[in-house]
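Presented below is the structure to which this report refers.
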Amino acid sequence: MAHGEWKIMEIGLVDGSLQLRVLTSDHLHPLPGQYFLAFAAGMDESLATPLYYAGTDSGNWFLAGKIPPAWQPGTRLVWRGPLGHGFHLPPTARRVALAAWNDLVTSLSALVNLALTQDASVVWYSRHLPEQLPPSVEVLPLESLPEAWDWADYLALECDAIDLPRLAASLLLPSGGKPDCTTEILLHTPLTCGGTAECGVCAVRTKKGWKLACKDGPVYEFDSLELAA
Amino acid sequence: MDAASRLEINLVSGWMNAAGYAGYAPPVDSNITSPPVAFVTNPISFHSRTPAADCFCSPYPGGFLLHTGWPNPGFRKVLKQFSARWTRSEIPVWVHLLAEQPQELNRMVRTLEETEGVAVAEISLPPTARDEWMLQLAEAALGELPLVICVPLDQVTAAWVSGVVNLGISGLVISAPRGMIRNAAGSFSRGRMIGPGLFPQVLQALGCLRAYDIPLIAGCGVFDIKSMDTLLSAGATAVQLDAVLWRGWDNRNCS
């Protein structure tokens, strides 16, 4: 696992979520959904903050997460990562659906760019009208999400783990309970140890037993999860 | 066994991980330049435990409250999976046991006595048990291995502490206290308190427990080199690091 230091170049508000801009670490190629753990040197922080890879542009990385209020442009961050498993957009996917179930959207925007790069049509499902999507992306209300089964060949979701049963119910899964297309989901849980301790606070119930989001996730195949409350 | 026949823990001064912060076997994954003086396993129960249904991690000024339910695969599975790495370890391995029933605890300790590479049995007692039960559990864990017992910071002055010391245990760990916080639903959630805000109380507790004249390990509240050095110079035999191992060590402040 790599580690190092970043200086925050900029902090911006993107569609209601804070994003950091830092200089890229050239030797690393994080996937959307993977995360870094970072803390501000010299500040009284008890925990590192998970920062999800949200995109690349001209030698900069954008990182999203619950950014501590004390962080400012110029703040020096000590980081390690990338950690966990990210989204795997199939290279053959040409109809990509993305859905942000909760307000904290961290990684789906990076998938937008990847999908457009491979000439896919992209639909973004959201409660809010996003501000910074490319014009070619179609935006639909979250209530329309079940329609994605008739159209998409790849669906990426993002939600708090506690909301998973409600999300699953709203998806109106096809008969048999299995998604019709490749479906992955980023589950937000506390990511405290970064996979070093198996502390269990990030545990997610899957069909193969309990898994730890810090190292087995935070992105899962939707079909692998136990969806009941 | 009594105080006169106390087993030595043979620990050099320095840092080690606290139970639950570095997994089940060495090495400790950390960016601290000095090596640890021992490794403490995650807490292990006789039977397997699943994560608590109401797991949470809730920050507050000075630290955070954590509740996990101490999930673990159970003693037998841990032993099968990790004992070879304990044997190969270059540093002493302390196996941390969750004390729930005296007979189960006794069986685990007897097995550890026959397990190569185990240097110390460290146990944590149930947070709300009565004093007599605490003593029964500690007595059940006494044997051929040095026994170290965790004393939560909020129980340093409890009567059971002097009781277990008089049984002849080998040391005490000042461990994380429990606390409550109001959750998003408006009710209260209980968990372990972790963070640098505990440091002044740890230092105070160390002073109280020194009267017992047994090795003391400061096991919470340390997030920087200055705090570690202060505790070692105030009489701690060693310091256990907890969530700072997860966050990362700020080497800028290291001497």
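Chain identifiers are assigned as A, B, and so on, following the order in which chains appear in the structure tokens; residues are numbered from 1 within each chain, and ligands are numbered from 1 in order of appearance.
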**Interface residues on chain A facing chain B, 12 Å, only C-alpha atoms, written as a PyMOL selection string** = chain A and resi 1-5+36-50+68+76-81+161-162+189-205+209-212+214+229
**Asked** segment 43-220 of chain A: which residues are helix (DSSP H, G or I) by DSSP, as JSON, numbers by chain?
**Response** {"A": [108, 109, 110, 111, 112, 113, 114, 115, 116, 117, 142, 143, 144, 145, 146, 147, 148, 149, 150, 161, 162, 163, 164, 165, 166, 167, 168, 169, 170]}
Restricting the output to N, CA and C atoms, write the selected residues as a short mmCIF file (atom, residue, chain, number, x, y, z; two decimals), in the first residue's frame.
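Full text of part02.cif as output:
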data_model
loop_
_atom_site.label_atom_id
_atom_site.label_comp_id
_atom_site.auth_asym_id
_atom_site.auth_seq_id
_atom_site.Cartn_x
_atom_site.Cartn_y
_atom_site.Cartn_z
N LEU A 108 -19.41 8.43 -8.21
CA LEU A 108 -20.12 8.18 -9.46
C LEU A 108 -19.69 9.14 -10.57
N SER A 109 -19.26 10.34 -10.18
CA SER A 109 -18.86 11.30 -11.21
C SER A 109 -17.64 10.80 -11.98
N ALA A 110 -16.76 10.06 -11.30
CA ALA A 110 -15.59 9.51 -12.00
C ALA A 110 -16.03 8.44 -13.00
N LEU A 111 -17.13 7.74 -12.68
CA LEU A 111 -17.64 6.73 -13.62
C LEU A 111 -18.25 7.37 -14.85
N VAL A 112 -18.83 8.56 -14.68
CA VAL A 112 -19.40 9.26 -15.83
C VAL A 112 -18.34 9.44 -16.90
N ASN A 113 -17.20 9.97 -16.49
CA ASN A 113 -16.14 10.23 -17.47
C ASN A 113 -15.62 8.95 -18.10
N LEU A 114 -15.49 7.91 -17.28
CA LEU A 114 -15.02 6.64 -17.83
C LEU A 114 -16.00 6.10 -18.86
N ALA A 115 -17.28 6.20 -18.54
CA ALA A 115 -18.30 5.66 -19.45
C ALA A 115 -18.33 6.45 -20.75
N LEU A 116 -18.23 7.77 -20.64
CA LEU A 116 -18.25 8.59 -21.86
C LEU A 116 -17.03 8.30 -22.72
N THR A 117 -15.90 8.02 -22.07
CA THR A 117 -14.68 7.70 -22.81
C THR A 117 -14.86 6.46 -23.68
N LEU A 142 -34.90 9.86 -9.21
CA LEU A 142 -34.58 8.57 -8.59
C LEU A 142 -35.75 7.59 -8.68
N GLU A 143 -36.96 8.13 -8.70
CA GLU A 143 -38.14 7.25 -8.76
C GLU A 143 -38.18 6.44 -10.07
N SER A 144 -37.45 6.91 -11.07
CA SER A 144 -37.45 6.20 -12.37
C SER A 144 -36.42 5.07 -12.40
N LEU A 145 -35.71 4.87 -11.32
CA LEU A 145 -34.61 3.92 -11.33
C LEU A 145 -35.01 2.51 -11.77
N PRO A 146 -36.18 1.98 -11.37
CA PRO A 146 -36.52 0.61 -11.83
C PRO A 146 -36.53 0.48 -13.35
N GLU A 147 -36.72 1.58 -14.06
CA GLU A 147 -36.69 1.50 -15.53
C GLU A 147 -35.31 1.12 -16.06
N ALA A 148 -34.30 1.30 -15.22
CA ALA A 148 -32.94 0.99 -15.67
C ALA A 148 -32.80 -0.47 -16.05
N TRP A 149 -33.61 -1.35 -15.45
CA TRP A 149 -33.52 -2.78 -15.78
C TRP A 149 -33.82 -3.04 -17.26
N ASP A 150 -34.68 -2.21 -17.85
CA ASP A 150 -35.05 -2.42 -19.25
C ASP A 150 -34.03 -1.83 -20.21
N ALA A 161 -24.95 2.25 4.03
CA ALA A 161 -25.25 0.83 4.25
C ALA A 161 -26.59 0.66 4.98
N ILE A 162 -26.89 1.57 5.85
CA ILE A 162 -28.13 1.46 6.63
C ILE A 162 -29.37 1.61 5.74
N ASP A 163 -29.20 2.25 4.60
CA ASP A 163 -30.33 2.46 3.68
C ASP A 163 -30.49 1.35 2.65
N LEU A 164 -29.62 0.35 2.69
CA LEU A 164 -29.63 -0.67 1.65
C LEU A 164 -30.98 -1.38 1.52
N PRO A 165 -31.62 -1.80 2.62
CA PRO A 165 -32.92 -2.47 2.45
C PRO A 165 -33.96 -1.59 1.74
N ARG A 166 -33.97 -0.30 2.08
CA ARG A 166 -34.95 0.60 1.44
C ARG A 166 -34.61 0.78 -0.04
N LEU A 167 -33.32 0.90 -0.33
CA LEU A 167 -32.91 1.03 -1.73
C LEU A 167 -33.31 -0.21 -2.52
N ALA A 168 -33.04 -1.38 -1.92
CA ALA A 168 -33.35 -2.64 -2.61
C ALA A 168 -34.85 -2.73 -2.90
N ALA A 169 -35.65 -2.32 -1.92
CA ALA A 169 -37.09 -2.39 -2.11
C ALA A 169 -37.53 -1.45 -3.23
N SER A 170 -36.90 -0.31 -3.32
CA SER A 170 -37.32 0.67 -4.33
C SER A 170 -36.90 0.27 -5.74
#
**Prompt:** Looking only at the backbone, which of the residues in segment 11-81 of chain A does DSSP tag as strand (DSSP E or B), as a ChimeraX atom specification?
**Reply:** /A:11-14,17-23,35-40,49-57,60-64,76-81
Tell me, as a PDB file with all heavy atoms, in the first residue's frame, which residues lie within 7 Å of Gln19 of chain A, counting only C-alpha atoms; anything in the same chain fewer than 4 positions away does not count.
ATOM      1  N   ILE A  11     -10.554  23.417  -2.303  1.00  0.00           N
ATOM      2  CA  ILE A  11     -11.735  22.703  -1.797  1.00  0.00           C
ATOM      3  C   ILE A  11     -12.953  23.330  -2.464  1.00  0.00           C
ATOM      4  O   ILE A  11     -13.124  24.551  -2.431  1.00  0.00           O
ATOM      5  CB  ILE A  11     -11.871  22.809  -0.263  1.00  0.00           C
ATOM      6  CG1 ILE A  11     -10.625  22.231   0.423  1.00  0.00           C
ATOM      7  CG2 ILE A  11     -13.129  22.079   0.220  1.00  0.00           C
ATOM      8  CD1 ILE A  11     -10.645  22.349   1.931  1.00  0.00           C
ATOM      9  N   GLY A  12     -13.763  22.499  -3.088  1.00  0.00           N
ATOM     10  CA  GLY A  12     -14.930  23.031  -3.784  1.00  0.00           C
ATOM     11  C   GLY A  12     -16.183  22.266  -3.458  1.00  0.00           C
ATOM     12  O   GLY A  12     -16.134  21.117  -2.990  1.00  0.00           O
ATOM     13  N   LEU A  13     -17.309  22.905  -3.692  1.00  0.00           N
ATOM     14  CA  LEU A  13     -18.598  22.261  -3.465  1.00  0.00           C
ATOM     15  C   LEU A  13     -19.110  21.758  -4.817  1.00  0.00           C
ATOM     16  O   LEU A  13     -19.326  22.546  -5.734  1.00  0.00           O
ATOM     17  CB  LEU A  13     -19.571  23.280  -2.867  1.00  0.00           C
ATOM     18  CG  LEU A  13     -20.854  22.749  -2.261  1.00  0.00           C
ATOM     19  CD1 LEU A  13     -20.569  21.839  -1.076  1.00  0.00           C
ATOM     20  CD2 LEU A  13     -21.740  23.921  -1.815  1.00  0.00           C
ATOM     21  N   VAL A  14     -19.270  20.457  -4.935  1.00  0.00           N
ATOM     22  CA  VAL A  14     -19.755  19.875  -6.188  1.00  0.00           C
ATOM     23  C   VAL A  14     -21.045  19.127  -5.897  1.00  0.00           C
ATOM     24  O   VAL A  14     -21.038  18.111  -5.193  1.00  0.00           O
ATOM     25  CB  VAL A  14     -18.695  18.921  -6.792  1.00  0.00           C
ATOM     26  CG1 VAL A  14     -19.214  18.301  -8.085  1.00  0.00           C
ATOM     27  CG2 VAL A  14     -17.396  19.663  -7.039  1.00  0.00           C
ATOM     28  N   PHE A  62      -9.391  14.627  -7.913  1.00  0.00           N
ATOM     29  CA  PHE A  62     -10.485  15.134  -7.091  1.00  0.00           C
ATOM     30  C   PHE A  62     -10.883  14.029  -6.130  1.00  0.00           C
ATOM     31  O   PHE A  62     -11.034  12.873  -6.526  1.00  0.00           O
ATOM     32  CB  PHE A  62     -11.656  15.563  -7.974  1.00  0.00           C
ATOM     33  CG  PHE A  62     -11.295  16.713  -8.864  1.00  0.00           C
ATOM     34  CD1 PHE A  62     -10.850  16.504 -10.167  1.00  0.00           C
ATOM     35  CD2 PHE A  62     -11.335  18.008  -8.378  1.00  0.00           C
ATOM     36  CE1 PHE A  62     -10.472  17.558 -10.968  1.00  0.00           C
ATOM     37  CE2 PHE A  62     -10.962  19.079  -9.176  1.00  0.00           C
ATOM     38  CZ  PHE A  62     -10.532  18.855 -10.476  1.00  0.00           C
ATOM     39  N   LEU A  63     -11.002  14.392  -4.880  1.00  0.00           N
ATOM     40  CA  LEU A  63     -11.301  13.430  -3.825  1.00  0.00           C
ATOM     41  C   LEU A  63     -12.508  13.919  -3.047  1.00  0.00           C
ATOM     42  O   LEU A  63     -12.572  15.101  -2.677  1.00  0.00           O
ATOM     43  CB  LEU A  63     -10.100  13.285  -2.884  1.00  0.00           C
ATOM     44  CG  LEU A  63      -8.784  12.851  -3.558  1.00  0.00           C
ATOM     45  CD1 LEU A  63      -7.605  13.068  -2.616  1.00  0.00           C
ATOM     46  CD2 LEU A  63      -8.853  11.388  -3.990  1.00  0.00           C
ATOM     47  N   ALA A  64     -13.441  13.013  -2.815  1.00  0.00           N
ATOM     48  CA  ALA A  64     -14.684  13.423  -2.146  1.00  0.00           C
ATOM     49  C   ALA A  64     -14.863  12.657  -0.849  1.00  0.00           C
ATOM     50  O   ALA A  64     -14.356  11.550  -0.687  1.00  0.00           O
ATOM     51  CB  ALA A  64     -15.872  13.151  -3.072  1.00  0.00           C
ATOM     52  N   GLY A  65     -15.590  13.250   0.069  1.00  0.00           N
ATOM     53  CA  GLY A  65     -15.862  12.602   1.351  1.00  0.00           C
ATOM     54  C   GLY A  65     -16.394  13.629   2.333  1.00  0.00           C
ATOM     55  O   GLY A  65     -16.738  14.751   1.949  1.00  0.00           O
TER      56      GLY A  65
END
**Message:** Report, in Å to a single decimal, how far apart atom CA of Ser83 of chain B and atom CA of Lys215 of chain A are.
**Reply:** 22.7 Å
**Message:** Set the distance at 12 Å and use only C-alpha atoms: which residues neighbour Glu122 of chain B once local chain neighbours fewer than 5 positions away are removed? I'd like the list as JSON, numbers by chain.
**Reply:** {"B": [9, 18, 19, 39, 40, 41, 42, 43, 44, 93, 94, 95, 96, 97, 98, 99, 105, 108, 109, 112, 138, 141, 142, 145, 146, 147, 148, 149, 150, 151, 169, 170, 171, 172, 173, 174, 175, 217]}
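The spacing separating atom CA of Leu79 of chain B from atom CA of Ile123 of chain B amounts to 16.1 Å.
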**Message:** Quick check, in Å to one decimal: how far apart do atom CA of Glu114 of chain B and atom CA of Trp15 of chain B lie?
**Reply:** 26.6 Å
